[in-house]
Amino acid sequence: MSAKKMRKRSWLPRRAFLEWAVLSMLLSTLAIFLGTLVGLGRADLVLYDAVQSLRHRPVPEDIVIVAIDDESVTAVGRWPWRRAILATLLDRIAATHPRAIGIDVILSEPDDRDPKGDAALAAVLRSTPGVLLPVATQAGGGPVPQVLLPAQPFLDAGVRLGHVHVEPDMDGAVRSLYLREGYPGKQWPAFSLALGAGALDQGALPGDRRLPEHVQPDSWRRDYRVHIDFAGPPGTIERVPALALLTGAQNGDGLAGKFVLVGATATGLGDAYPTPMTGHAELMPGVEVQAQALNALLRGRTTVFASPTANALFTFIPVAAALTGFVILAPRLVLLLVAGLIAATLAASALLLTYAQVWYPPAAAALILIVAYPLWSWRRLEAVVRFLGNQFEQLEREPAVVPSAPEPPSAGFSDVLGRKISAVRSAADRLRETRRFVADSLDSLPVATLVAGPDEHVLIANRRAGRMFGANNHDELRGQALADMFRQLAPDRLSLWEDARRSLREGNHAEIEFKDAGGRSLLLDGAPSVNSHGEPVGLLVTLVDLSGIREAQRRRDEALAFLSHDIRSPQASILAVVELHDLDPQTYPAATTLAKIEGFAHATIELAEQFVQLSHVETQAYQLAACDLGEIAREAVEAVQALAAAKSIRVEFAGGGALPLYADRGLLLRAIVNLANNAVKYSPPDTTVTVTVSAENNLARCAVRDQGYGISEKDQKRLFERFARFSNTGQPREKGIGLGLAFVKTVIERHEGRMSVTSKPGAGSEFGFVLPMAAAAGTG
């Protein structure tokens, strides 16, 4: 193949590769960039919440909330309560010997209305070591938030401190907090971390240590950001109403040895936030958020976000897999691949969050995959349209194989796409016309023709091929293997197609003559089919029926044999008689010689007449007319009566009713006379020959039965061959040349009938035939 052809055939793959490379570079860069952002905002938060809400976690039994609920506020009085009430509540909680106590109530200012209450609360705090109080923040005038510490009397009581600040995301839901917040030299642990200090390793804190971009590193600092693994919706953590402890309705036995958090849960009282477990439909009190955070820290179920590098890799891997699939998979499989990669990315993100407690936001990867498939499909479709348009335009400029009328000019405006569509339509019409022309040409061929592909399976077959291989419709041959077809056609020569294939592989035509299962002489002619570049693309196989030619050759050989032997023999006998008369006129007088010459001449004429008659019935058109088989059979019986009487043989007729035929009456009469003559000639004296006619299923039947010598089974196979004559041992030899039965068989078969013979040596013979009756033959 020339370099020019190679370039013309390979431009599309090179261009496709360049487009794929550019698209891969752009999408990979986008994947890495979006991956470093560690999430696409609300989309990833929705997925995160969905996974969190589906996870099953055990309810903590070592954490209790003493809830300042609606019932307590109604009974005790409006909030904030007097510090003396809080002192009483704290004293009763301390009496139960809990593991740790955290009061999530802001006590940043002294109560001027009740100084004694502050003193009482401070006294209880001093007598209950390790009580945790909150450090709150509020927006100040600068970048540093204003810190709200407990009032000085409470600080002097030796309390511990922990900040209660949580980090709402862009949708307002609380999912995370910082385990440490404060100034560079003074930081406070998270309220939940400080409350569980005795049970947690303070030196190996979990969480993300990156500083948020909106916080100046030299002012307020936040560190160790963790995402809370909520155990459930609001109410999951056990609650004990504050009123029950204040009134003594509960003695607090259920608080012993547990982490106790005191905080407001009443409606409109204190802070409350949406969470992944509820969304905005139900808010979770701030004290329960702290309790949920404590539970997550105690169980080691805090979640961290993947690092920018790890998340970029997580986003890049499915995108790279999809880009690889674009160039090695079919479009349908690419669609399945993209859908599978999206599902796998979502599943991997959920599994990593569930079991590794690391959140890899999947939205970036899913978004790029969703965009990549239609983008690549558009580029492929554009390339296909461009390629097909160019090819069809080239095809339009090539000379037409089939003459066609010129295309009328298009009316109106036509853009590039319109012109390409017009070129495709025109080329498609020409392709259909060419295919129809080829199919009609194949069907008009006088020989069976098969067109096969490189795999030797039939692509096109004409009608003659369908009839040759016994198919009801030639389209049934499509897709069949040539080797199987020829094995069925010629079961006696199973290696037929192997022999043909061997010649074709050597680059030669395959010409093989063989006989099929029906005895037909066929010529297989096969040749390779090549494309415009000289490359083999298939096979062209024809089957020529040589039966007529071989039959003509056989008849020619028989005619030569007849002339050289049967006709020559009487002439030679005449010459011999004449020579004998010349040598010895007295022994061979003239009268005797002339009588012998006359006999030999009559024999020659009889031979010639029978041969001519047989040739006539084989080749000439028949004079068909309406007739009755019974009448013809009766006439044939009358015609042989004289010959039968000479041998004392009775010839009887049996049958009744009309048997209408559409036939050549004279030839049919001669055929029945031949059968009757044979029956008389080959039967001993004082026997009976019976000619019977009858109707059988729209067929007219005639049978000639004798009581003669019979015919062996071996000889029956050659009964209807030309010049075939047989006799059994002890049977008198009758005159004849062996053309009578061949004449009968030819006449019957030319009338679309069939012959039959039943015979056994010593038991006589029955020759019969059946012909379609006039109504069955459609002659009405």
# chains A, B, ... in the order shown; residues from 1 in each chain; ligands from 1
call {"tool": "select_by_dssp", "arguments": {"residues": "segment 214-382 of chain A", "states": "strand (DSSP E)", "output": "PyMOL selection string"}}
result
chain A and resi 221-227+238-241+259-264+272-275+279-285+304-305+358-359
call {"tool": "residues_around", "arguments": {"residues": "segment 691-701 of chain A", "least_positions_apart": "3", "cutoff": "12 Å", "atoms": "only C-alpha atoms", "output": "PyMOL selection string"}}
result
chain A and resi 627-638+640+650-663+672-673+675-677+679-680+688+704-706+748+751-756+766-778
call {"tool": "closest_atom_pairs", "arguments": {"of": "segment 280-323 of chain A", "to": "segment 27-50 of chain A", "cutoff": "7 Å", "atoms": "only C-alpha atoms", "output": "Markdown table"}}
result
| residue | atom | partner | partner_atom | distance |
| --- | --- | --- | --- | --- |
| A:Pro308 | CA | A:Thr36 | CA | 4.1 |
| A:Thr309 | CA | A:Thr36 | CA | 6.2 |
| A:Asn311 | CA | A:Gly35 | CA | 5.1 |
| A:Ala312 | CA | A:Gly35 | CA | 3.8 |
| A:Thr315 | CA | A:Gly35 | CA | 5.6 |
| A:Phe316 | CA | A:Ala31 | CA | 5.4 |
| A:Val319 | CA | A:Ser28 | CA | 7.0 |
call {"tool": "closest_residue", "arguments": {"among": "A:Val51, A:Leu341, A:Ala372, A:Ala510", "to": "Ser24 of chain A", "atoms": "only C-alpha atoms"}}
result
A:Ala372
call {"tool": "closest_residue", "arguments": {"among": "A:Asp455, A:Asp484, A:Asp492, A:Glu511", "to": "Gly526 of chain A", "atoms": "only C-alpha atoms"}}
result
A:Glu511
call {"tool": "atom_distance", "arguments": {"atom1": "atom CA of Asn390 of chain A", "atom2": "atom CA of Ser426 of chain A"}}
result
13.0 Å
call {"tool": "residues_around", "arguments": {"residues": "Ala84 of chain A", "least_positions_apart": "2", "cutoff": "9 Å", "atoms": "only C-alpha atoms", "output": "PDB file with N, CA, C and O atoms, in the first residue's frame"}}
result
ATOM      1  N   TRP A  81     -32.116  31.615  85.168  1.00  0.00           N
ATOM      2  CA  TRP A  81     -32.450  31.367  86.574  1.00  0.00           C
ATOM      3  C   TRP A  81     -31.464  32.091  87.491  1.00  0.00           C
ATOM      4  O   TRP A  81     -30.328  32.388  87.103  1.00  0.00           O
ATOM      5  N   ARG A  82     -31.908  32.258  88.696  1.00  0.00           N
ATOM      6  CA  ARG A  82     -31.015  32.816  89.716  1.00  0.00           C
ATOM      7  C   ARG A  82     -29.887  31.819  89.988  1.00  0.00           C
ATOM      8  O   ARG A  82     -30.074  30.618  89.905  1.00  0.00           O
ATOM      9  N   LEU A  86     -29.091  27.383  90.242  1.00  0.00           N
ATOM     10  CA  LEU A  86     -28.037  26.628  89.582  1.00  0.00           C
ATOM     11  C   LEU A  86     -27.118  25.961  90.600  1.00  0.00           C
ATOM     12  O   LEU A  86     -26.653  24.841  90.393  1.00  0.00           O
ATOM     13  N   ALA A  87     -26.864  26.668  91.744  1.00  0.00           N
ATOM     14  CA  ALA A  87     -26.021  26.080  92.788  1.00  0.00           C
ATOM     15  C   ALA A  87     -26.674  24.838  93.354  1.00  0.00           C
ATOM     16  O   ALA A  87     -26.020  23.812  93.594  1.00  0.00           O
ATOM     17  N   THR A  88     -27.993  24.929  93.619  1.00  0.00           N
ATOM     18  CA  THR A  88     -28.712  23.760  94.137  1.00  0.00           C
ATOM     19  C   THR A  88     -28.657  22.602  93.143  1.00  0.00           C
ATOM     20  O   THR A  88     -28.435  21.447  93.515  1.00  0.00           O
ATOM     21  N   LEU A  89     -28.872  22.926  91.858  1.00  0.00           N
ATOM     22  CA  LEU A  89     -28.855  21.867  90.824  1.00  0.00           C
ATOM     23  C   LEU A  89     -27.480  21.215  90.757  1.00  0.00           C
ATOM     24  O   LEU A  89     -27.367  19.983  90.709  1.00  0.00           O
ATOM     25  N   ASP A 114     -28.660  39.128  92.602  1.00  0.00           N
ATOM     26  CA  ASP A 114     -28.581  38.070  93.622  1.00  0.00           C
ATOM     27  C   ASP A 114     -27.113  37.759  93.913  1.00  0.00           C
ATOM     28  O   ASP A 114     -26.594  36.718  93.530  1.00  0.00           O
ATOM     29  N   LYS A 116     -25.768  36.888  96.622  1.00  0.00           N
ATOM     30  CA  LYS A 116     -25.639  35.682  97.448  1.00  0.00           C
ATOM     31  C   LYS A 116     -25.719  34.425  96.579  1.00  0.00           C
ATOM     32  O   LYS A 116     -25.093  33.400  96.885  1.00  0.00           O
ATOM     33  N   GLY A 117     -26.497  34.491  95.530  1.00  0.00           N
ATOM     34  CA  GLY A 117     -26.583  33.336  94.635  1.00  0.00           C
ATOM     35  C   GLY A 117     -25.257  33.056  93.951  1.00  0.00           C
ATOM     36  O   GLY A 117     -24.850  31.896  93.808  1.00  0.00           O
ATOM     37  N   ASP A 118     -24.545  34.135  93.539  1.00  0.00           N
ATOM     38  CA  ASP A 118     -23.212  33.928  92.940  1.00  0.00           C
ATOM     39  C   ASP A 118     -22.276  33.286  93.949  1.00  0.00           C
ATOM     40  O   ASP A 118     -21.491  32.388  93.610  1.00  0.00           O
ATOM     41  N   ALA A 119     -22.362  33.758  95.214  1.00  0.00           N
ATOM     42  CA  ALA A 119     -21.480  33.205  96.238  1.00  0.00           C
ATOM     43  C   ALA A 119     -21.800  31.742  96.484  1.00  0.00           C
ATOM     44  O   ALA A 119     -20.901  30.891  96.661  1.00  0.00           O
ATOM     45  N   ALA A 120     -23.097  31.437  96.486  1.00  0.00           N
ATOM     46  CA  ALA A 120     -23.486  30.041  96.709  1.00  0.00           C
ATOM     47  C   ALA A 120     -22.981  29.157  95.576  1.00  0.00           C
ATOM     48  O   ALA A 120     -22.482  28.047  95.797  1.00  0.00           O
ATOM     49  N   LEU A 121     -23.116  29.644  94.335  1.00  0.00           N
ATOM     50  CA  LEU A 121     -22.663  28.849  93.187  1.00  0.00           C
ATOM     51  C   LEU A 121     -21.154  28.692  93.218  1.00  0.00           C
ATOM     52  O   LEU A 121     -20.625  27.609  92.944  1.00  0.00           O
TER      53      LEU A 121
END
call {"tool": "atom_distance", "arguments": {"atom1": "atom CA of Thr236 of chain A", "atom2": "atom CA of Val64 of chain A"}}
result
10.2 Å
call {"tool": "residues_around", "arguments": {"residues": "segment 269-271 of chain A", "least_positions_apart": "2", "cutoff": "10 Å", "atoms": "only C-alpha atoms", "output": "PyMOL selection string"}}
result
chain A and resi 68-70+73+79-80+104-106+263-267+273+283-287+289
call {"tool": "residues_around", "arguments": {"residues": "Ala242 of chain A", "least_positions_apart": "5", "cutoff": "7 Å", "atoms": "only C-alpha atoms", "output": "PDB file with N, CA, C and O atoms, in the first residue's frame"}}
result
ATOM      1  N   VAL A  66     -28.405  16.884  81.637  1.00  0.00           N
ATOM      2  CA  VAL A  66     -29.389  17.438  82.564  1.00  0.00           C
ATOM      3  C   VAL A  66     -30.008  18.630  81.850  1.00  0.00           C
ATOM      4  O   VAL A  66     -29.369  19.675  81.672  1.00  0.00           O
ATOM      5  N   ALA A  67     -31.222  18.435  81.369  1.00  0.00           N
ATOM      6  CA  ALA A  67     -31.823  19.353  80.421  1.00  0.00           C
ATOM      7  C   ALA A  67     -32.660  20.404  81.126  1.00  0.00           C
ATOM      8  O   ALA A  67     -33.556  20.096  81.925  1.00  0.00           O
ATOM      9  N   ILE A  68     -32.339  21.670  80.835  1.00  0.00           N
ATOM     10  CA  ILE A  68     -33.191  22.786  81.251  1.00  0.00           C
ATOM     11  C   ILE A  68     -34.240  22.925  80.156  1.00  0.00           C
ATOM     12  O   ILE A  68     -34.088  23.693  79.200  1.00  0.00           O
ATOM     13  N   SER A  72     -39.137  22.443  82.844  1.00  0.00           N
ATOM     14  CA  SER A  72     -38.360  23.008  83.957  1.00  0.00           C
ATOM     15  C   SER A  72     -38.487  24.519  83.989  1.00  0.00           C
ATOM     16  O   SER A  72     -38.651  25.145  85.061  1.00  0.00           O
TER      17      SER A  72
END
call {"tool": "closest_residue", "arguments": {"among": "A:Val424, A:Ala272, A:Val131, A:Thr354", "to": "Arg386 of chain A", "atoms": "only C-alpha atoms"}}
result
A:Val424
call {"tool": "residues_around", "arguments": {"residues": "segment 586-596 of chain A", "least_positions_apart": "2", "cutoff": "12 Å", "atoms": "only C-alpha atoms", "output": "PyMOL selection string"}}
result
chain A and resi 570-571+573-584+598-603
call {"tool": "write_last_selection", "arguments": {"atoms": "N, CA and C atoms", "output": "JSON list (two decimals), in the first residue's frame"}}
result
[["chain", "number", "residue", "atom", "x", "y", "z"],
["A", 570, "PRO", "N", -25.27, -54.91, -39.23],
["A", 570, "PRO", "CA", -26.08, -55.45, -40.34],
["A", 570, "PRO", "C", -25.45, -55.18, -41.70],
["A", 571, "GLN", "N", -24.81, -54.02, -41.84],
["A", 571, "GLN", "CA", -24.18, -53.72, -43.13],
["A", 571, "GLN", "C", -23.02, -54.68, -43.40],
["A", 573, "SER", "N", -22.87, -57.66, -42.25],
["A", 573, "SER", "CA", -23.49, -58.97, -42.58],
["A", 573, "SER", "C", -23.92, -59.02, -44.03],
["A", 574, "ILE", "N", -24.46, -57.92, -44.55],
["A", 574, "ILE", "CA", -24.87, -57.87, -45.98],
["A", 574, "ILE", "C", -23.67, -58.11, -46.88],
["A", 575, "LEU", "N", -22.56, -57.43, -46.56],
["A", 575, "LEU", "CA", -21.35, -57.61, -47.37],
["A", 575, "LEU", "C", -20.86, -59.05, -47.30],
["A", 576, "ALA", "N", -20.96, -59.66, -46.08],
["A", 576, "ALA", "CA", -20.50, -61.05, -45.95],
["A", 576, "ALA", "C", -21.37, -62.00, -46.78],
["A", 577, "VAL", "N", -22.70, -61.76, -46.81],
["A", 577, "VAL", "CA", -23.60, -62.63, -47.60],
["A", 577, "VAL", "C", -23.29, -62.49, -49.09],
["A", 578, "VAL", "N", -23.03, -61.25, -49.52],
["A", 578, "VAL", "CA", -22.71, -61.03, -50.93],
["A", 578, "VAL", "C", -21.41, -61.75, -51.30],
["A", 579, "GLU", "N", -20.42, -61.68, -50.43],
["A", 579, "GLU", "CA", -19.15, -62.34, -50.72],
["A", 579, "GLU", "C", -19.32, -63.85, -50.78],
["A", 580, "LEU", "N", -20.17, -64.38, -49.84],
["A", 580, "LEU", "CA", -20.40, -65.83, -49.87],
["A", 580, "LEU", "C", -21.10, -66.25, -51.17],
["A", 581, "HIS", "N", -22.04, -65.45, -51.63],
["A", 581, "HIS", "CA", -22.73, -65.76, -52.90],
["A", 581, "HIS", "C", -21.75, -65.72, -54.06],
["A", 582, "ASP", "N", -20.86, -64.74, -54.04],
["A", 582, "ASP", "CA", -19.90, -64.66, -55.14],
["A", 582, "ASP", "C", -18.94, -65.85, -55.13],
["A", 583, "LEU", "N", -18.61, -66.33, -53.96],
["A", 583, "LEU", "CA", -17.66, -67.44, -53.86],
["A", 583, "LEU", "C", -18.31, -68.77, -54.23],
["A", 584, "ASP", "N", -19.58, -68.93, -53.83],
["A", 584, "ASP", "CA", -20.23, -70.24, -54.05],
["A", 584, "ASP", "C", -21.70, -69.99, -54.38],
["A", 598, "GLU", "N", -32.37, -58.63, -47.44],
["A", 598, "GLU", "CA", -33.59, -57.92, -47.07],
["A", 598, "GLU", "C", -33.78, -57.91, -45.55],
["A", 599, "GLY", "N", -33.50, -59.04, -44.90],
["A", 599, "GLY", "CA", -33.65, -59.11, -43.44],
["A", 599, "GLY", "C", -32.70, -58.15, -42.73],
["A", 600, "PHE", "N", -31.43, -58.17, -43.21],
["A", 600, "PHE", "CA", -30.46, -57.26, -42.58],
["A", 600, "PHE", "C", -30.83, -55.79, -42.83],
["A", 601, "ALA", "N", -31.38, -55.47, -44.00],
["A", 601, "ALA", "CA", -31.79, -54.10, -44.31],
["A", 601, "ALA", "C", -32.93, -53.68, -43.41],
["A", 602, "HIS", "N", -33.93, -54.58, -43.23],
["A", 602, "HIS", "CA", -35.04, -54.25, -42.33],
["A", 602, "HIS", "C", -34.53, -54.04, -40.89],
["A", 603, "ALA", "N", -33.56, -54.86, -40.47],
["A", 603, "ALA", "CA", -33.00, -54.69, -39.13],
["A", 603, "ALA", "C", -32.33, -53.32, -38.99]]
call {"tool": "closest_residue", "arguments": {"among": "A:Leu323, A:His474, A:Tyr682, A:Gly130", "to": "Lys647 of chain A", "atoms": "only C-alpha atoms"}}
result
A:Tyr682
call {"tool": "atom_distance", "arguments": {"atom1": "atom CA of Arg550 of chain A", "atom2": "atom CA of Gly518 of chain A"}}
result
14.6 Å
call {"tool": "residues_around", "arguments": {"residues": "Ala199 of chain A", "least_positions_apart": "2", "cutoff": "12 Å", "atoms": "only C-alpha atoms", "output": "PyMOL selection string"}}
result
chain A and resi 62+99-100+192-197+201-202+258-259+294-295+297-300
call {"tool": "write_last_selection", "arguments": {"atoms": "N, CA and C atoms", "output": "PDB file, in the first residue's frame"}}
result
ATOM      1  N   ASP A  62     -22.945   6.287  78.659  1.00  0.00           N
ATOM      2  CA  ASP A  62     -22.137   6.918  79.705  1.00  0.00           C
ATOM      3  C   ASP A  62     -22.184   8.439  79.630  1.00  0.00           C
ATOM      4  N   ARG A  99     -18.800  11.092  86.720  1.00  0.00           N
ATOM      5  CA  ARG A  99     -17.392  11.042  86.292  1.00  0.00           C
ATOM      6  C   ARG A  99     -16.868  12.432  85.997  1.00  0.00           C
ATOM      7  N   ALA A 100     -17.662  13.263  85.364  1.00  0.00           N
ATOM      8  CA  ALA A 100     -17.274  14.645  85.087  1.00  0.00           C
ATOM      9  C   ALA A 100     -18.550  15.442  84.879  1.00  0.00           C
ATOM     10  N   SER A 192     -16.086  19.605  74.728  1.00  0.00           N
ATOM     11  CA  SER A 192     -16.197  18.150  74.769  1.00  0.00           C
ATOM     12  C   SER A 192     -14.850  17.502  75.060  1.00  0.00           C
ATOM     13  N   LEU A 193     -13.762  18.071  74.499  1.00  0.00           N
ATOM     14  CA  LEU A 193     -12.428  17.528  74.742  1.00  0.00           C
ATOM     15  C   LEU A 193     -12.041  17.703  76.208  1.00  0.00           C
ATOM     16  N   ALA A 194     -12.321  18.886  76.763  1.00  0.00           N
ATOM     17  CA  ALA A 194     -11.982  19.124  78.170  1.00  0.00           C
ATOM     18  C   ALA A 194     -12.814  18.255  79.098  1.00  0.00           C
ATOM     19  N   LEU A 195     -14.077  18.049  78.768  1.00  0.00           N
ATOM     20  CA  LEU A 195     -14.932  17.239  79.625  1.00  0.00           C
ATOM     21  C   LEU A 195     -14.449  15.790  79.664  1.00  0.00           C
ATOM     22  N   GLY A 196     -13.956  15.301  78.584  1.00  0.00           N
ATOM     23  CA  GLY A 196     -13.474  13.921  78.557  1.00  0.00           C
ATOM     24  C   GLY A 196     -11.989  13.811  78.741  1.00  0.00           C
ATOM     25  N   ALA A 197     -11.361  14.814  79.348  1.00  0.00           N
ATOM     26  CA  ALA A 197      -9.903  14.848  79.461  1.00  0.00           C
ATOM     27  C   ALA A 197      -9.350  13.624  80.154  1.00  0.00           C
ATOM     28  N   ASP A 201      -6.515  10.917  75.231  1.00  0.00           N
ATOM     29  CA  ASP A 201      -5.086  11.198  75.123  1.00  0.00           C
ATOM     30  C   ASP A 201      -4.929  12.613  74.586  1.00  0.00           C
ATOM     31  N   GLN A 202      -4.550  13.555  75.444  1.00  0.00           N
ATOM     32  CA  GLN A 202      -4.459  14.944  75.034  1.00  0.00           C
ATOM     33  C   GLN A 202      -3.234  15.204  74.150  1.00  0.00           C
ATOM     34  N   LYS A 258     -20.961   8.792  85.233  1.00  0.00           N
ATOM     35  CA  LYS A 258     -21.193   9.199  83.848  1.00  0.00           C
ATOM     36  C   LYS A 258     -20.745  10.641  83.625  1.00  0.00           C
ATOM     37  N   PHE A 259     -20.592  10.964  82.339  1.00  0.00           N
ATOM     38  CA  PHE A 259     -20.295  12.335  81.955  1.00  0.00           C
ATOM     39  C   PHE A 259     -21.634  13.084  81.919  1.00  0.00           C
ATOM     40  N   LEU A 294     -18.489  14.798  72.400  1.00  0.00           N
ATOM     41  CA  LEU A 294     -17.824  14.007  73.434  1.00  0.00           C
ATOM     42  C   LEU A 294     -17.923  12.522  73.128  1.00  0.00           C
ATOM     43  N   ASN A 295     -19.103  12.085  72.712  1.00  0.00           N
ATOM     44  CA  ASN A 295     -19.290  10.670  72.389  1.00  0.00           C
ATOM     45  C   ASN A 295     -18.381  10.249  71.226  1.00  0.00           C
ATOM     46  N   LEU A 297     -15.506  11.629  70.370  1.00  0.00           N
ATOM     47  CA  LEU A 297     -14.116  11.605  70.831  1.00  0.00           C
ATOM     48  C   LEU A 297     -13.843  10.366  71.673  1.00  0.00           C
ATOM     49  N   LEU A 298     -14.786  10.039  72.552  1.00  0.00           N
ATOM     50  CA  LEU A 298     -14.583   8.878  73.409  1.00  0.00           C
ATOM     51  C   LEU A 298     -14.505   7.585  72.604  1.00  0.00           C
ATOM     52  N   ARG A 299     -15.284   7.481  71.519  1.00  0.00           N
ATOM     53  CA  ARG A 299     -15.328   6.240  70.717  1.00  0.00           C
ATOM     54  C   ARG A 299     -14.359   6.276  69.537  1.00  0.00           C
ATOM     55  N   GLY A 300     -13.620   7.369  69.413  1.00  0.00           N
ATOM     56  CA  GLY A 300     -12.662   7.454  68.301  1.00  0.00           C
ATOM     57  C   GLY A 300     -13.354   7.505  66.953  1.00  0.00           C
TER      58      GLY A 300
END
